[in-house]
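What follows is a set of notes on a single structure, which appears directly below.
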Amino acid sequence: MAGHPERSAAVGGAKSRDAASAAERSRRTRLLAIGLASGLLASLALFPALGAARALAIGALTGLVFPFLFRADRAVSDSLMAGASLGVPLWALFPVVVLPLLGGNAPRWTAGEMRALLPALVAFVLFGAALGALARLLATAADRALGPPPAPAPSPVPAPRRVVILGGGFAGVTCAQELERLLGADKSVQLTLVSDVNALLFTPMLAEVAGSSLEPTHISTPLRTSLRRTAVIRGAVSRVDLASRAVVLDAARGEPARTLPYDHLVLTLGAVTNFFGSASIEASAIGFKSLREAMQVRNRVIDAFERAEREQDPGRRRALLTFVVAGGGFAGVELAGALNDFARGMLADFPELAPGDVRVVLVHAGQHILPELSATLGAYAEARLRERGVEFRLGARVKDARPGAVVIDPPETIDAETLVWTAGARPNPLVATLPVARDRRGAVIVDVTLAVPDHAGVWAGGDCAAVTDARTGKPCPPTAQYALREGRLLGRNVFAALRGKAPRPFHFDSLGALCVIGYQTACAELTIPFARRRSVRFSGLLAWLLWRAIYLSKLPGLDRKVRVFSDWVIELFFPRDIVQTAEAGEPSVSAER
Amino acid sequence: MRLSHAIPFAIAAAVGAVGGALAQRAVPGSLAGSATGAAAGVVFAAFARGRTTNPGAGLTWGLGFGFVLWLVVPVGLASALEGGARSMGMLDAARARFPDLVASLVLLGGPLGLALGTLGGLSRRGERPRFSWPRALVVGGVAGIVGGLAFGKWMAQTGFFPLVAGLVGSDSAAVGMTLHLVFAVLIGMSLGVLFQRDLRGFGSGMGWGLGYGMFWWFVGPLTVMPLWLGQPLDWSWSRGAALFGSLVGHVVYGLLAGLLYAAVDRLWVGLLTGSDPIRREPEGPGASLFHSVKWGVAASLSGGLLLNLALLAAGELRAGSGAGFLGSLLVSALLGGAYGLLFHDEAPDLGAAIAWGLLYGLIRWYLDPLTLAPILAGGAFTWTTEAASALLPALVGHLAFGAATASSFLALERRHAEWLLLDPRIASREARRRRPTGTPAPALWVFVLGTGVLLPILLG
C-alpha cells in the first residue's frame with residue numbers, strides 16, 4: 001500500500017490542507033483575542049458618554065472586527081491614527097443611529113441632537129485611537145511572547161486541468177476570454193491557446209486595409225494583450241492525438257516538436273481559402289483571409305500603377321491596371337468597392353494614366369451579388385458599384401488563370417495582372433486528419449452543445465465546425481457573427497464541464513448584415529429587436545455610418561478603436577497612403593513573376 | 001541613546017516649547033506653556049519620528065497629532081475634570097476650548113510636523129523618491145489659481161475682497177482679488193512642494209488639498225490676517241463661526257487645487273515618464289480607468305441605497321417620490337463612478353478603503369448639498385453655519401454612502417486584482433501602483449474627518 005503513489009499523494013495533500021486550515025484558525029483566533037482585549041480596554045474611553053454596558057458591548061464588537069480591517073504591517077502610530085479616524089463613523093453609527101433605533105426612537109441627527117452628542121464624538125475618536133494603538137501593541141507583544149503567528153501554509157495545489165484551444169480567430173479568442181472571465185483567479189485550470197498568428201484579425205475591416213484606408217496593424221489585436229491568464233503559443237499544429245489526448249506542435253526554427261496534453265480540447269481552427277483544386281488559380285491568385293494577403297493586394301495595386309506609368313504598350317498597361325475579384329459575397333463586394341476607390345483615387349498621383357485604363361471586375365457565379373442579403377439590396381449594391389466604375393461578370397466562374405490573363409466561363413479572357421480570390425473557403429486542413437465525423441464541406445460535426453460526439457472533452461466551433469442551431473434545426477453560417485457566439489458558448493460549456501454541470505445548447509438569432517460597397521455607401525439588412533422574423537433594409541450614408549459605428553464598437557481593444565477612428569478621420573482630410581511597403585514578389589498572374 | 005537618535009527629540013522639544021509659550025500668550029488661561037509644549041513635542045517625536053520623512057508628511061502627522069492632542073487634553077481630560085463631560089456642558093467646554101484647537105494646530109502640530117519632516121527629509125536624502133521642483137511649482141501654481149478663482153466667487157458674493165485689500169492699506173475689491181489670487185498661487189505652489197510625494201491619485205489629491213485648505217483657514221483668516229492688520233488675535237469659536245463661509249471656501253479651494261494638482265501632475269508624469277515603453281503599465285490608462293468607473297458605479301448601489309434610506313428617515317426625500325429616489329440613486333451612481341476614477345489603487349486594506357470612502361462622503365456633503373444643490377436649484381450657495389446645521393442629518397447618510405461605496409469598490413477591485421496577480425510580472429506592477437502603508441494617510445484621515453465633521457457641529 002505504501003508504494004501506491006496516488007494514495008500517498010492524496011494522504012499527503014489532506015495532511016497539508018489540514019495543516020493550512022489549522023494555521024489559519026490559529027492566526028484568526030489570535031487576532032480575535034487581541035481585538036477583543038483591545039476593544040474592551042479601549043471602551044473605557046466610552047464609559048462617560050455611553051455607560052459601562054453599552055461601552056463594553058460596542059468595544060467588544062468593534063474590537064473583534066478591527067484587526068481584520070487593516071494590514072498587519074502598520075506601525076503603532078499608523079494604527080492609532082487610523083483607529084481615531086474610524087471613531088468618527090463609529091460615532092455616527094452607534095450613538096447617532098443604532099442606539100436610538102434599538103431604543104425604539106428616531107436617529108438623533110438634527111443639529112441640536114448632534115451637538116448634544118458631542119461628548120460621544122470626542123469619546124469615540126479617543127476610543128478609536130486607543131483601540132488602534134492597543135491592537136498594534138498587543139499584537140507586537142503576542143508576537144514576542146508566542147512567536148509570530150503561523151504563516152498560512154500555501155494550500156496544496158492539485159495538478160491543474162488543462163484546456164487547449166486551437167485557433168486564434170473570433171471563436172477561439174472569445175472562448176478563451178469567456179473562460180478567463182468565468183474562471184477568474186481559479187488556479188486549478190490551465191488555459192492554453194495555440195495560433196499560427198499572434199494576433200486576432202478583425203476580418204470585417206480587411207477590405208479597408210487592402211484599399212489603403214486603414215493601417216494594417218490597426219485591425220489586429222495581439223493575443224497576448226487580449227488574454228490575461230491564457231498561455232499563448234504561436235505555432236502550427238502538426239497533429240492531434242485524440243486517443244492519448246494530446247496536441248503535437250510543429251518543430252519551429254530548430255526547436256523540437258512540442259506536445260500539449262489536454263483535458264478539454266477546443267477546435268476553432270477556422271477556414272482556409274478554397275481554390276476548388278485548381279492549381280493554376282492557387283498559384284496565381286491572392287487569397288483574402290489574412291492580413292498578409294490584404295497587404296499583398298494593397299502593394300500589388302500600388303506596384304501595378306508604378307509599372308503601368310512607365311509601360312508604353314497600351315494593352316499591357318490595361319492588363320496591369322485590371323483587377324479581378326472572384327466571388328460576389330460580402331468579402332468580394334467589399335473588396336471590389338475598396339479597390340475601385342483606391343485605384344481610381346490614385347489616378348490623381350499618376351497623371352500619365354487615364355481613368356479608362358483602370359478596371360475592377362467582379363466575377364460572381366450567381367445572378368445577384370450579395371446572396372446573403374435581399375435581392376433588392378443586392379441590386380442596389382450592384383447599381384452603385386457600376387456607377388462608380390466596377391464591372392460585373394454575373395453567372396460566371398473563374399476557370400483558369402495564367403500570366404497576364406484570367407479565364408472565365410462563359411468563355412471570356414480578361415487581360416489582368418491581378419486576381420484576388422474570395423470565392424470559396426474550406427475548413428482548416430488539420431480537421432481532415434482527425435478521426436471525427438465531418439459534413440460535406442469537411443467541417444467537424446458537433447452536437448447542439450458544440451461537443452464533438454463520441455470524443456469526450458473535445459469541442460468545436462467557428463468556421464471549422466458544422467453547427468446546427470438547437471432551436472431552428474438549421475445549419476449556422478460560417479460568419480464572424482456566429483463564430484463570436486459559438487466561442488462564447490464554447491467557453492461556458494467547457495466551464496460547465498469542468499464544474500460537472502450540464503452544457504447548454506447553441507441558439508442565435510442573426511442580428512442582420514451590413515456591407516460597405518464604396519465610399520460612404522453601404523447596404524444594411526437588420527433584424528428588428530423582439531420581432532426576430534422581421535427585418536429592416538436600408539442603404540446609403542446612414543447604412544455606412546451604422547456599419548462604421550457597429551464595427552468600431554466590435555473591434556477588440558480600446559487602443560485599436562482609437563487607432564482605426566484616427567485613420568478614418570485622417571482619411572477625411574488627406575489622400576490615402578500609396579507608399580509601397582513590400583516589393584511585388586508575391587504570387588501573381590503577372591508574366592514578370 | 002545615541003546622539004543622532006536624540007536630535008529629533010531635542011528639536012521637537014525646542015519647537016514644542018516655543019509653540020507652547022506662544023500659545024500661552026495667545027490663549028490666556030490655556031493649559032499650554034513652554035514645559036507642556038516641550039513635553040508634547042517629545043511625545044510627537046516618539047510617536048511619529050519614523051513617519052515624518054519629508055516636510056509634507058511631517059505637516060500631515062503634525063496636524064493629526066495636534067487635533068488628537070486637543071481632543072485628549074483640553075477637551076477630554078480638562079472637561080472631565082471640570083465635570084463637563086455631559087452633553088451641552090461638553091459643547092460649551094469644547095467651544096470655550098476652540099482657541100486651544102487653533103493653537104494646537106497652528107503653533108504646535110504644524111510647526112512640530114514641519115520641523116521633524118524637514119529633519120527627516122534631510123537625513124533621508126539618498127533614499128527619497130525623486131522630487132521635481134518645476135512640477136511642484138508650476139502645477140501647484142496653476143492648481144492654486146483655479147482653486148482661488150472658485151473660492152473668489154464666495155468672496156465676491158460676501159464682499160470679502162475689500163477686507164483682504166486692507167492687508168496693503170487699500171479698500172479696492174480689485175486689489176483684494178489680486179492679493180487673494182497671489183496667495184492662492186503661493187499656497188498652491190506650497191501644496192505641490194509639500195505633498196508631491198504623497199499625491200498618488202486624484203482622490204488622495206483631493207484629500208490632501210482638503211486638509212491643507214482647512215489648515216490654511218486656521219492660519220490665514222484666523223491668525224495671519226488679524227496680525228497683519230495689527231488687530232488682536234481672536235480665536236474664539238464665535239469668530240470661527242463668523243468665518244464659517246471662509247472655512248467652506250478654503251475646503252473648496254483645497255479640493256479643487258488638490259484635484260487639479262493631481263490631474264496635471266499625473267498628466268505631466270504620464271506624458272513625460274509613463275509614456276516610456278519600458279515603464280508602461282500592462283493595462284493602458286483607458287482600460288484601468290474604464291474598469292474603475294464601472295466598479296465605482298456598481299459599488300455605489302450599496303452606498304446610494306444607504307444614503308437614500310438615511311435621507312428618507314431624515315425627511316429630506318419624500319417617501320412616495322419614486323422619481324426622487326431614483327434620481328438620488330442616479331446621482332449616487334455618477335458619484336460612485338467618480339469615486340472609482342478618483343480613488344482606485346488608494347486602499348491597501350478594508351480599513352483604508354472605509355477611511356477614504358468616509359473622506360469622499362464628507363467631500364460630497366460639502367460640495368453637493370452645501371454648494372452645488374442650491375446652485376442647481378437656481379439659487380446661490382450659502383456657506384453659513386445655519387445652512388450647515390440644517391444639513392447635518394444628511395451628513396450621516398453621506399458618510400455611510402462613502403464607506404459603503406468604498407468597501408464594495410475594494411471588493412470589486414480585489415476580484416480583478418486576484419485575476420491579474422496570476423501573472424507575477426503584473427503582480428509586482430500592481431503592488432507598485434497601490435498605496436503602501438507608512439504614508440501619512442492615517443493622520444490625514446484623522447485631521448480631515450475630525451475637523452470636517454466637528455467644525456460644523458461646534459461652530460453652529
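Naming works like this for the C-alpha cells: A, B, ... for the chains as they're shown, residue 1 at the start of each chain, ligands 1 onward in shown order.
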For the interface of chain B with chain A (cut-off 8 Å, counting only C-alpha atoms), please tabulate each contacting residue of chain B alongside its nearest pair of atoms and their separation in Å to one decimal, rows sorted by chain and increasing number, as CSV.
```
residue,atom,partner,partner_atom,distance
B:Phe47,CA,A:Ser77,CA,6.0
B:Ala48,CA,A:Ser77,CA,6.4
B:Gly64,CA,A:Met81,CA,7.5
B:Val68,CA,A:Leu126,CA,7.8
B:Leu71,CA,A:Val122,CA,6.4
B:Val72,CA,A:Leu126,CA,7.1
B:Val75,CA,A:Val122,CA,8.0
B:Gly76,CA,A:Val122,CA,7.0
B:Ala85,CA,A:Pro119,CA,6.0
B:Arg86,CA,A:Pro119,CA,6.3
B:Ser87,CA,A:Ala116,CA,4.5
B:Met88,CA,A:Ala116,CA,5.5
B:Met90,CA,A:Pro119,CA,5.9
B:Leu91,CA,A:Leu118,CA,6.2
B:Pro282,CA,A:Thr225,CA,7.9
B:Gly286,CA,A:Leu558,CA,7.0
B:Ala287,CA,A:Leu558,CA,7.4
B:Pro348,CA,A:Arg71,CA,7.7
B:Asp349,CA,A:Phe70,CA,5.5
B:Leu350,CA,A:Leu69,CA,5.0
B:Gly351,CA,A:Leu69,CA,4.5
B:Ala352,CA,A:Phe70,CA,7.1
B:Ala355,CA,A:Leu86,CA,6.8
B:Leu358,CA,A:Pro89,CA,7.6
B:Ser389,CA,A:Ala111,CA,5.2
B:Ala390,CA,A:Ala111,CA,6.7
B:Leu392,CA,A:Ala111,CA,5.8
B:Pro393,CA,A:Trp109,CA,4.8
B:Val396,CA,A:Ala92,CA,6.1
B:Leu399,CA,A:Pro89,CA,7.2
B:Ala400,CA,A:Pro89,CA,8.0
B:Arg415,CA,A:Gly184,CA,7.9
B:His416,CA,A:Gly184,CA,7.9
B:Glu418,CA,A:Ala185,CA,5.7
B:Trp419,CA,A:Ala185,CA,4.5
B:Leu420,CA,A:Arg228,CA,7.0
B:Leu422,CA,A:Ala185,CA,6.8
B:Asp423,CA,A:Arg229,CA,7.1
B:Thr437,CA,A:Arg74,CA,6.2
B:Gly438,CA,A:Arg74,CA,6.9
B:Pro440,CA,A:Asp78,CA,7.9
B:Pro442,CA,A:Ala82,CA,4.8
B:Ala443,CA,A:Met81,CA,5.5
B:Trp445,CA,A:Ser85,CA,5.6
B:Val446,CA,A:Ser85,CA,4.3
B:Phe447,CA,A:Ser85,CA,7.9
B:Leu449,CA,A:Ser85,CA,6.5
B:Gly450,CA,A:Val88,CA,6.8
B:Val453,CA,A:Val88,CA,7.8
B:Ile457,CA,A:Arg115,CA,5.9
B:Leu458,CA,A:Arg115,CA,7.1
```
*Could you name the residues that touch Ala405 of chain A at 8 Å or less, counting only C-alpha atoms, but leaving out those on the same chain fewer than 2 positions away, as number ranges by chain?*
A: 319, 401-403, 407, 413-417, 589
Requested write-out: N, CA and C atoms of the selected residues, as a CSV table (one decimal), in the first residue's frame:
```
chain,number,residue,atom,x,y,z
A,319,ALA,N,-3.8,45.7,-68.8
A,319,ALA,CA,-3.7,44.5,-68.0
A,319,ALA,C,-3.2,44.7,-66.6
A,401,ALA,N,-6.4,30.7,-64.6
A,401,ALA,CA,-5.6,31.9,-64.5
A,401,ALA,C,-4.2,31.6,-65.0
A,402,ARG,N,-3.7,32.5,-65.9
A,402,ARG,CA,-2.4,32.3,-66.4
A,402,ARG,C,-1.7,33.7,-66.4
A,403,PRO,N,-0.4,33.8,-66.7
A,403,PRO,CA,0.2,35.1,-66.6
A,403,PRO,C,-0.4,36.1,-67.5
A,407,VAL,N,-9.2,33.6,-67.1
A,407,VAL,CA,-10.1,32.9,-68.0
A,407,VAL,C,-11.4,32.6,-67.2
A,413,THR,N,-11.7,35.9,-71.8
A,413,THR,CA,-10.4,36.0,-71.2
A,413,THR,C,-10.2,37.5,-70.9
A,414,ILE,N,-10.0,37.8,-69.6
A,414,ILE,CA,-9.8,39.1,-69.1
A,414,ILE,C,-8.3,39.3,-69.0
A,415,ASP,N,-7.8,40.3,-69.7
A,415,ASP,CA,-6.3,40.6,-69.5
A,415,ASP,C,-6.1,41.3,-68.2
A,416,ALA,N,-5.6,40.6,-67.3
A,416,ALA,CA,-5.4,41.2,-65.9
A,416,ALA,C,-4.2,40.6,-65.3
A,417,GLU,N,-3.5,41.5,-64.6
A,417,GLU,CA,-2.3,41.1,-63.8
A,417,GLU,C,-2.6,40.6,-62.4
A,589,VAL,N,-0.4,36.8,-61.4
A,589,VAL,CA,-0.7,36.3,-62.7
A,589,VAL,C,0.2,37.0,-63.7
```
*For Val248 of chain B, work out the shell of residues within 9 Å, counting only C-alpha atoms and skipping chain neighbours fewer than 2 positions away, then give it as a PyMOL selection string.*
chain B and resi 151+214+244-246+250-253+366+383-384
_DSSP on the backbone, strand (DSSP E or B) only: what residues of segment 348-421 of chain A does that give? Format it as an MDAnalysis selection string._
chainID A and resid 359:364 390:394 397:402 405:409 412:415 418:421
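Between Phe350 of chain A and the candidates A:Ala465, A:Pro435, A:Ala543, A:Ile578, the tightest atom-to-atom separation, counting only C-alpha atoms, involves A:Ile578.
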*Selected residue, from A:Ser510, A:Thr433, A:Thr376, A:Thr29, that lies nearest to Val240 of chain A when counting only C-alpha atoms*: A:Thr433
*Please identify all polymer residues within 12 Å of Val247 of chain A, counting only C-alpha atoms, omitting same-chain residues fewer than 3 positions from it, and present them as a ChimeraX atom specification.*
/A:162-166,192-194,235-244,250,257-267,430,434,458
*Would you list the contacts of Ala394 of chain B as a ChimeraX atom specification, taking every protein, DNA or RNA residue within 8 Å and counting only C-alpha atoms, but skipping same-chain residues closer than 2 positions in sequence?*
/B:310-311,314,316,365,391-392,396-398
_Applying 8 Å and only C-alpha atoms, which residues near Phe44 of chain B remain after dropping the ones on its own chain fewer than 4 positions away? List them as a ChimeraX atom specification._
/B:12,40,48-49,62,65,112
_segment 291-301 of chain A surroundings by only C-alpha atoms, 8 Å radius, close-in-sequence under 5 positions cut, as an NGL selection string_ = :A and (201 or 206-207 or 209-212 or 216 or 286 or 321 or 343 or 418 or 420 or 580-584 or 586)
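Put simply, atom CA of Ser407 of chain B is 24.6 Å away from atom CA of Thr60 of chain B.
With atom CA of Gly50 of chain B on one side and atom CA of Pro436 of chain B on the other, the separation reads 15.1 Å.
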